$ cat my_file03.txt   # compact mmCIF, C-alpha atoms
# COMPACT_ATOMS: atom_id res chain seq x y z
CA MET A 1 47.33 45.44 -42.19
CA SER A 2 45.01 47.29 -44.59
CA SER A 3 43.64 50.73 -43.84
CA PHE A 4 40.13 49.30 -43.51
CA ALA A 5 41.33 46.65 -41.03
CA LYS A 6 43.13 49.30 -38.95
CA ARG A 7 40.03 51.51 -39.06
CA THR A 8 37.82 48.63 -37.93
CA LEU A 9 40.17 47.57 -35.12
CA ALA A 10 40.44 51.13 -33.81
CA SER A 11 36.64 51.44 -33.87
CA ILE A 12 36.21 48.18 -31.94
CA ILE A 13 38.44 49.58 -29.20
CA LEU A 14 37.23 53.18 -29.17
CA ILE A 15 33.45 52.77 -29.47
CA PRO A 16 32.96 50.74 -26.23
CA LEU A 17 35.25 53.18 -24.44
CA GLY A 18 33.16 56.06 -25.73
CA MET A 19 29.91 54.36 -24.72
CA PHE A 20 31.18 53.86 -21.18
CA ALA A 21 32.27 57.51 -20.95
CA ILE A 22 28.86 58.71 -22.17
CA TYR A 23 27.05 56.46 -19.68
CA ALA A 24 29.30 57.40 -16.74
CA GLY A 25 29.39 61.11 -17.56
CA GLY A 26 31.15 63.49 -15.18
CA TRP A 27 34.91 63.42 -15.13
CA TYR A 28 35.04 60.10 -17.00
CA LEU A 29 33.56 61.75 -20.09
CA THR A 30 35.74 64.83 -19.61
CA LEU A 31 38.94 62.76 -19.53
CA ILE A 32 38.01 60.83 -22.66
CA LEU A 33 37.12 64.03 -24.51
CA LEU A 34 40.34 65.65 -23.33
CA ALA A 35 42.24 62.74 -24.89
CA PHE A 36 40.77 63.79 -28.24
CA ILE A 37 40.19 67.54 -28.00
CA ALA A 38 43.64 68.51 -26.66
CA PRO A 39 45.53 66.63 -29.43
CA ALA A 40 43.03 67.95 -32.00
CA ALA A 41 43.76 71.51 -30.84
CA ASN A 42 47.49 70.82 -31.11
CA GLU A 43 47.04 69.43 -34.63
CA PHE A 44 45.04 72.55 -35.55
CA THR A 45 48.00 74.77 -34.62
CA LYS A 46 50.46 72.52 -36.48
CA LEU A 47 48.40 72.59 -39.68
CA TYR A 48 48.51 76.39 -39.65
CA ALA A 49 52.17 76.36 -38.67
CA ALA A 50 52.84 74.32 -41.82
CA CYS A 51 51.53 77.33 -43.77
CA GLY A 52 53.89 79.75 -42.05
CA HIS A 53 51.48 81.01 -39.38
CA LYS A 54 52.21 81.01 -35.65
CA PRO A 55 49.05 80.55 -33.59
CA SER A 56 49.58 80.21 -29.85
CA THR A 57 49.67 76.55 -28.85
CA VAL A 58 49.40 77.57 -25.20
CA VAL A 59 46.11 79.39 -25.82
CA VAL A 60 44.56 76.93 -28.28
CA VAL A 61 45.52 73.68 -26.53
CA GLY A 62 45.48 75.00 -22.97
CA GLY A 63 42.30 76.99 -23.51
CA ALA A 64 40.45 74.10 -25.18
CA SER A 65 41.40 71.81 -22.30
CA VAL A 66 40.36 74.30 -19.64
CA LEU A 67 37.04 74.92 -21.40
CA LEU A 68 36.20 71.21 -21.21
CA ILE A 69 37.01 71.22 -17.51
CA THR A 70 35.02 74.38 -16.78
CA ARG A 71 32.01 73.07 -18.74
CA THR A 72 32.13 70.00 -16.52
CA LEU A 73 32.22 72.19 -13.41
CA ASP A 74 29.28 74.18 -14.79
CA GLY A 75 27.31 70.98 -15.24
CA LEU A 76 28.22 69.41 -11.92
CA TYR A 77 27.88 72.45 -9.68
CA GLN A 78 25.61 74.82 -11.66
CA THR A 79 28.40 77.38 -12.00
CA GLU A 80 29.43 79.62 -14.90
CA PHE A 81 33.17 79.15 -15.20
CA SER A 82 33.32 78.44 -18.92
CA LEU A 83 32.49 81.97 -20.15
CA PRO A 84 35.11 83.67 -17.94
CA ALA A 85 37.63 81.02 -19.02
CA PHE A 86 36.90 81.74 -22.68
CA GLY A 87 37.30 85.47 -22.06
CA PHE A 88 40.57 84.96 -20.19
CA PHE A 89 42.19 82.85 -22.91
CA SER A 90 40.98 85.23 -25.63
CA LEU A 91 42.70 88.15 -23.87
CA LEU A 92 45.78 86.04 -23.17
CA GLY A 93 46.00 85.28 -26.88
CA MET A 94 45.90 88.98 -27.74
CA LEU A 95 48.59 89.72 -25.15
CA LEU A 96 50.94 87.01 -26.43
CA HIS A 97 50.57 88.13 -30.03
CA LEU A 98 51.11 91.77 -29.06
CA ILE A 99 54.41 90.71 -27.52
CA ALA A 100 55.23 88.73 -30.68
CA PHE A 101 54.56 91.80 -32.84
CA GLU A 102 56.74 93.94 -30.63
CA ARG A 103 59.51 91.38 -31.12
CA GLY A 104 59.27 91.63 -34.91
CA ARG A 105 56.49 89.21 -35.91
CA GLU A 106 54.70 91.33 -38.53
CA GLU A 107 51.94 88.73 -39.08
CA ALA A 108 51.05 88.65 -35.36
CA ALA A 109 47.56 90.08 -35.94
CA LEU A 110 46.72 87.24 -38.35
CA ASP A 111 48.26 84.76 -35.90
CA PHE A 112 45.92 86.11 -33.22
CA ALA A 113 42.88 85.60 -35.49
CA ILE A 114 43.92 81.96 -36.05
CA THR A 115 44.51 81.48 -32.32
CA LEU A 116 41.06 82.83 -31.53
CA ALA A 117 39.54 80.63 -34.25
CA GLY A 118 41.17 77.52 -32.76
CA LEU A 119 40.13 78.42 -29.22
CA THR A 120 36.55 79.01 -30.36
CA TYR A 121 36.14 76.14 -32.79
CA ILE A 122 38.00 73.38 -30.98
CA GLY A 123 37.56 74.59 -27.40
CA TRP A 124 34.28 76.48 -27.05
CA ILE A 125 32.33 74.54 -29.69
CA GLY A 126 33.93 71.28 -28.54
CA SER A 127 32.81 71.91 -24.96
CA TYR A 128 29.18 71.57 -26.07
CA LEU A 129 29.80 67.82 -26.01
CA ILE A 130 29.98 68.23 -22.23
CA ALA A 131 26.95 70.55 -22.07
CA LEU A 132 24.91 68.03 -24.07
CA ARG A 133 25.56 65.33 -21.47
CA TYR A 134 24.16 67.55 -18.68
CA LEU A 135 20.75 67.97 -20.31
CA PRO A 136 17.86 65.94 -18.79
CA SER A 137 18.24 62.36 -20.10
CA GLY A 138 21.65 63.60 -21.21
CA ALA A 139 23.32 60.21 -21.40
CA TRP A 140 20.74 58.96 -23.88
CA TRP A 141 20.69 62.18 -25.89
CA THR A 142 24.50 62.15 -26.14
CA PHE A 143 24.40 58.49 -27.12
CA ALA A 144 21.80 59.26 -29.81
CA VAL A 145 23.72 62.26 -31.17
CA LEU A 146 27.19 60.74 -31.32
CA THR A 147 26.10 57.30 -32.48
CA SER A 148 24.15 58.97 -35.29
CA VAL A 149 27.38 60.63 -36.39
CA TRP A 150 29.41 57.42 -36.13
CA LEU A 151 26.83 55.45 -38.10
CA ALA A 152 26.51 58.16 -40.73
CA ASP A 153 30.29 58.14 -41.11
CA GLY A 154 30.46 54.33 -41.25
CA GLY A 155 27.48 54.04 -43.59
CA ALA A 156 28.89 56.68 -45.92
CA TYR A 157 32.25 54.87 -45.99
CA VAL A 158 30.75 51.45 -46.75
CA ILE A 159 28.14 52.61 -49.27
CA GLY A 160 30.46 55.12 -50.88
CA LYS A 161 33.27 52.60 -51.29
CA ARG A 162 30.92 50.09 -52.96
CA TRP A 163 28.54 52.28 -54.98
CA GLY A 164 29.92 55.81 -54.83
CA ARG A 165 30.21 57.54 -58.20
CA ARG A 166 29.20 61.21 -57.89
CA GLN A 167 31.58 63.42 -55.91
CA ILE A 168 30.18 65.88 -53.38
CA SER A 169 33.20 68.16 -53.20
CA PRO A 170 36.03 67.30 -55.62
CA ASN A 171 38.33 70.01 -54.25
CA LEU A 172 37.86 69.42 -50.54
CA SER A 173 37.25 65.66 -50.28
CA PRO A 174 37.25 63.80 -53.62
CA LYS A 175 36.45 60.44 -52.01
CA LYS A 176 33.12 61.62 -50.58
CA THR A 177 30.18 60.81 -52.82
CA TRP A 178 26.48 61.59 -52.86
CA GLU A 179 25.72 57.87 -52.76
CA GLY A 180 27.77 57.48 -49.59
CA TYR A 181 26.25 60.62 -48.09
CA PHE A 182 22.66 59.43 -48.52
CA GLY A 183 23.65 55.93 -47.41
CA GLY A 184 24.99 57.44 -44.19
CA ILE A 185 21.72 59.31 -43.66
CA LEU A 186 19.74 56.06 -44.05
CA PHE A 187 22.01 54.30 -41.55
CA SER A 188 21.68 57.14 -39.05
CA VAL A 189 17.91 57.62 -39.32
CA GLY A 190 17.32 53.88 -39.18
CA PHE A 191 19.35 53.61 -36.00
CA GLY A 192 17.45 56.56 -34.54
CA LEU A 193 14.14 54.82 -35.13
CA LEU A 194 15.34 51.63 -33.45
CA LEU A 195 16.90 53.48 -30.49
CA GLY A 196 13.75 55.52 -29.89
CA MET A 197 11.49 52.46 -29.98
CA ALA A 198 13.78 50.55 -27.61
CA TRP A 199 14.07 53.46 -25.17
CA GLN A 200 10.34 54.17 -25.12
CA ALA A 201 9.54 50.49 -24.59
CA GLY A 202 11.88 50.36 -21.62
CA ALA A 203 11.34 53.78 -20.04
CA GLY A 204 7.78 54.72 -20.97
CA ASP A 205 7.16 58.46 -20.78
CA THR A 206 10.29 60.00 -22.32
CA PRO A 207 11.14 62.55 -25.02
CA LEU A 208 13.30 59.90 -26.69
CA THR A 209 10.77 58.40 -29.06
CA ALA A 210 11.24 56.81 -32.47
CA LEU A 211 10.29 60.13 -34.07
CA THR A 212 12.59 62.35 -32.00
CA THR A 213 15.66 60.12 -32.23
CA ALA A 214 15.10 59.65 -35.98
CA LEU A 215 15.00 63.46 -36.23
CA VAL A 216 18.27 63.67 -34.31
CA GLY A 217 19.76 61.11 -36.69
CA LEU A 218 18.54 63.05 -39.71
CA VAL A 219 19.97 66.38 -38.52
CA MET A 220 23.29 64.89 -37.43
CA SER A 221 23.85 62.85 -40.59
CA THR A 222 22.78 65.72 -42.85
CA LEU A 223 24.83 68.55 -41.33
CA THR A 224 27.89 67.14 -39.56
CA ILE A 225 29.54 66.39 -42.90
CA PHE A 226 30.39 70.11 -42.98
CA GLY A 227 32.65 69.58 -39.97
CA ASP A 228 34.52 66.96 -41.97
CA LEU A 229 34.72 69.20 -45.03
CA GLY A 230 35.81 72.15 -42.90
CA GLU A 231 38.74 70.19 -41.54
CA SER A 232 39.55 69.03 -45.08
CA MET A 233 39.75 72.69 -46.13
CA ILE A 234 42.38 73.34 -43.44
CA LYS A 235 44.32 70.20 -44.40
CA ARG A 236 44.26 71.08 -48.11
CA MET A 237 45.64 74.51 -47.27
CA ALA A 238 48.45 72.84 -45.30
CA LYS A 239 48.89 70.17 -48.03
CA ALA A 240 48.38 67.42 -45.44
CA LYS A 241 46.55 64.13 -45.98
CA ASP A 242 45.71 63.68 -42.29
CA SER A 243 45.87 66.03 -39.33
CA GLY A 244 48.13 63.53 -37.53
CA SER A 245 48.70 59.82 -36.93
CA LEU A 246 47.26 59.34 -33.45
CA ILE A 247 44.66 56.70 -34.37
CA PRO A 248 45.58 53.87 -36.79
CA GLY A 249 43.35 53.91 -39.86
CA HIS A 250 41.69 57.16 -38.82
CA GLY A 251 44.53 59.70 -38.87
CA GLY A 252 44.80 62.32 -36.16
CA ALA A 253 42.53 63.42 -33.36
CA PHE A 254 41.22 66.35 -35.41
CA ASP A 255 40.26 63.84 -38.12
CA ARG A 256 38.09 62.10 -35.53
CA VAL A 257 36.46 65.06 -33.80
CA ASP A 258 35.76 67.18 -36.88
CA SER A 259 32.15 65.92 -37.07
CA TRP A 260 31.76 65.68 -33.28
CA LEU A 261 32.28 69.43 -32.97
CA TRP A 262 29.26 70.11 -35.15
CA ALA A 263 27.28 67.30 -33.51
CA GLY A 264 27.77 68.62 -29.98
CA VAL A 265 26.53 72.15 -30.61
CA LEU A 266 23.80 71.17 -33.11
CA GLY A 267 22.55 68.39 -30.85
CA PHE A 268 22.55 70.61 -27.77
CA TYR A 269 20.44 73.36 -29.33
CA LEU A 270 18.18 71.04 -31.30
CA ILE A 271 17.28 69.09 -28.15
CA THR A 272 17.08 72.19 -25.95
CA TRP A 273 14.78 74.04 -28.34
CA LEU A 274 12.55 71.02 -28.94
CA PHE A 275 12.14 69.79 -25.36
CA TYR A 276 13.63 72.02 -22.66
CA ARG A 277 12.75 75.64 -23.41
$ encode --input "my_file03.txt" --output "structure tokens"
Amino acid sequence: MSSFAKRTLASIILIPLGMFAIYAGGWYLTLILLAFIAPAANEFTKLYAACGHKPSTVVVVGGASVLLITRTLDGLYQTEFSLPAFGFFSLLGMLLHLIAFERGREEAALDFAITLAGLTYIGWIGSYLIALRYLPSGAWWTFAVLTSVWLADGGAYVIGKRWGRRQISPNLSPKKTWEGYFGGILFSVGFGLLLGMAWQAGAGDTPLTALTTALVGLVMSTLTIFGDLGESMIKRMAKAKDSGSLIPGHGGAFDRVDSWLWAGVLGFYLITWLFYR
């Protein structure tokens, strides 16, 4: 089976599952995100381990998982568990690397910095995907944000494969082209317009209009590419083609969530600042 066929088949299975999780919210969404974020955090530590570093898997994977759970508790019960959890795992990371240094690991301070980076980037930033869902009209905002990313990614792949000529970043991701990038933006903004018109026609007075969802599509498709390129930077350092092999045709979990991480936090603050301040 070709890579494109595997990619398409995986998308056919995963997209409906993701749509259901977004609609259902609560622990359903948390469990689905855990199935991606926890392996992505593990892949993050392995990529750095391939370069001779020793970040704490316990802190990065365990902390990222706990942060998703505490964000869900914050949303369901109006608590503030996620900040204390982040603080706890940050201090735990320092403690573990202090012990490692005492036992002869001279690079323990750098290991701690990588551990904290993984906990923050994969765990804390990733948990904004949960926070986004708990905004007013959160199911529809999450749907708009993530679908914009998926369509931008799919549009960039299709357009870039057919018409792509000019590379965006030859060192980080030589297959990404400006033609594919702008094609992805058109796909994403076009979907945003259609979603906003459909939602407004069905729900009436709502912040999800053709203009606002097109804006979401524009921001997501324009900026989330940096999540993809950021992960590529880590993979190039580790001399790895993919972060793993969890999803046929797509690579590892980190390969899938790299753009989601940017989408969650960008979408949350864009929507909050525009509509809920």
$ residues_around --input "my_file03.txt" --residues "range 252-256 of chain A" --least-positions-apart "6" --cutoff "9 Å" --atoms "only C-alpha atoms" --output "number ranges by chain"
A: 35-44, 122, 228, 231-232, 242-246
$ write_last_selection --input "my_file03.txt" --atoms "C-alpha atoms" --output "short mmCIF file (atom, residue, chain, number, x, y, z; two decimals), in the coordinates of the input"
data_model
loop_
_atom_site.label_atom_id
_atom_site.label_comp_id
_atom_site.auth_asym_id
_atom_site.auth_seq_id
_atom_site.Cartn_x
_atom_site.Cartn_y
_atom_site.Cartn_z
CA ALA A 35 42.24 62.74 -24.89
CA PHE A 36 40.77 63.79 -28.24
CA ILE A 37 40.19 67.54 -28.00
CA ALA A 38 43.64 68.51 -26.66
CA PRO A 39 45.53 66.63 -29.43
CA ALA A 40 43.03 67.95 -32.00
CA ALA A 41 43.76 71.51 -30.84
CA ASN A 42 47.49 70.82 -31.11
CA GLU A 43 47.04 69.43 -34.63
CA PHE A 44 45.04 72.55 -35.55
CA ILE A 122 38.00 73.38 -30.98
CA ASP A 228 34.52 66.96 -41.97
CA GLU A 231 38.74 70.19 -41.54
CA SER A 232 39.55 69.03 -45.08
CA ASP A 242 45.71 63.68 -42.29
CA SER A 243 45.87 66.03 -39.33
CA GLY A 244 48.13 63.53 -37.53
CA SER A 245 48.70 59.82 -36.93
CA LEU A 246 47.26 59.34 -33.45
#
$ residues_around --input "my_file03.txt" --residues "Tyr128 in chain A" --least-positions-apart "4" --cutoff "10 Å" --atoms "only C-alpha atoms" --output "PDB file with C-alpha atoms, in the coordinates of the input"
ATOM      1  CA  LEU A  67      37.040  74.920 -21.400  1.00  0.00           C
ATOM      2  CA  LEU A  68      36.200  71.210 -21.210  1.00  0.00           C
ATOM      3  CA  ARG A  71      32.010  73.070 -18.740  1.00  0.00           C
ATOM      4  CA  GLY A 123      37.560  74.590 -27.400  1.00  0.00           C
ATOM      5  CA  TRP A 124      34.280  76.480 -27.050  1.00  0.00           C
ATOM      6  CA  LEU A 132      24.910  68.030 -24.070  1.00  0.00           C
ATOM      7  CA  ARG A 133      25.560  65.330 -21.470  1.00  0.00           C
ATOM      8  CA  TYR A 134      24.160  67.550 -18.680  1.00  0.00           C
ATOM      9  CA  TRP A 260      31.760  65.680 -33.280  1.00  0.00           C
ATOM     10  CA  LEU A 261      32.280  69.430 -32.970  1.00  0.00           C
ATOM     11  CA  TRP A 262      29.260  70.110 -35.150  1.00  0.00           C
ATOM     12  CA  ALA A 263      27.280  67.300 -33.510  1.00  0.00           C
ATOM     13  CA  GLY A 264      27.770  68.620 -29.980  1.00  0.00           C
ATOM     14  CA  VAL A 265      26.530  72.150 -30.610  1.00  0.00           C
ATOM     15  CA  LEU A 266      23.800  71.170 -33.110  1.00  0.00           C
ATOM     16  CA  GLY A 267      22.550  68.390 -30.850  1.00  0.00           C
ATOM     17  CA  PHE A 268      22.550  70.610 -27.770  1.00  0.00           C
ATOM     18  CA  TYR A 269      20.440  73.360 -29.330  1.00  0.00           C
TER      19      TYR A 269
END
$ closest_residue --input "my_file03.txt" --among "A:Glu106, A:Asp258, A:Glu179, A:Glu80" --to "Gly126 in chain A" --atoms "all atoms listed in the file"
A:Asp258
$ residues_around --input "my_file03.txt" --residues "His53 in chain A" --least-positions-apart "4" --cutoff "10 Å" --atoms "only C-alpha atoms" --output "list in words"
Thr45, Lys46, Leu47, Tyr48, Ala49, Glu107, Ala108, Leu110, Asp111, Phe112, Ile114 and Thr115 of chain A
$ closest_residue --input "my_file03.txt" --among "A:Gly63, A:Gly138, A:Leu73, A:Phe143" --to "Leu91 in chain A" --atoms "all atoms listed in the file"
A:Gly63
$ atom_distance --input "my_file03.txt" --atom1 "CA of Ser137 in chain A" --atom2 "CA of Leu119 in chain A"
28.6 Å
$ closest_residue --input "my_file03.txt" --among "A:Ile69, A:Ala21, A:Ala156, A:Ala131" --to "Phe86 in chain A" --atoms "only C-alpha atoms"
A:Ile69
$ atom_distance --input "my_file03.txt" --atom1 "CA of Gly93 in chain A" --atom2 "CA of Leu116 in chain A"
7.2 Å
$ closest_residue --input "my_file03.txt" --among "A:Tyr181, A:Tyr157, A:Phe89, A:Trp140" --to "Gly25 in chain A" --atoms "all atoms listed in the file"
A:Trp140
$ atom_distance --input "my_file03.txt" --atom1 "CA of Gly190 in chain A" --atom2 "CA of Tyr28 in chain A"
29.1 Å
$ closest_residue --input "my_file03.txt" --among "A:Ala85, A:Leu31, A:Ile271, A:Ala109" --to "Leu208 in chain A" --atoms "only C-alpha atoms"
A:Ile271
$ closest_residue --input "my_file03.txt" --among "A:Ala113, A:Ser148, A:Leu34, A:Phe226" --to "Lys54 in chain A" --atoms "all atoms listed in the file"
A:Ala113
$ residues_around --input "my_file03.txt" --residues "Leu193 in chain A" --least-positions-apart "3" --cutoff "9 Å" --atoms "only C-alpha atoms" --output "number ranges by chain"
A: 188-190, 196-198, 209-215, 217
$ residues_around --input "my_file03.txt" --residues "Asn171 in chain A" --least-positions-apart "3" --cutoff "9 Å" --atoms "all atoms listed in the file" --output "PyMOL selection string"
chain A and resi 174+233+236
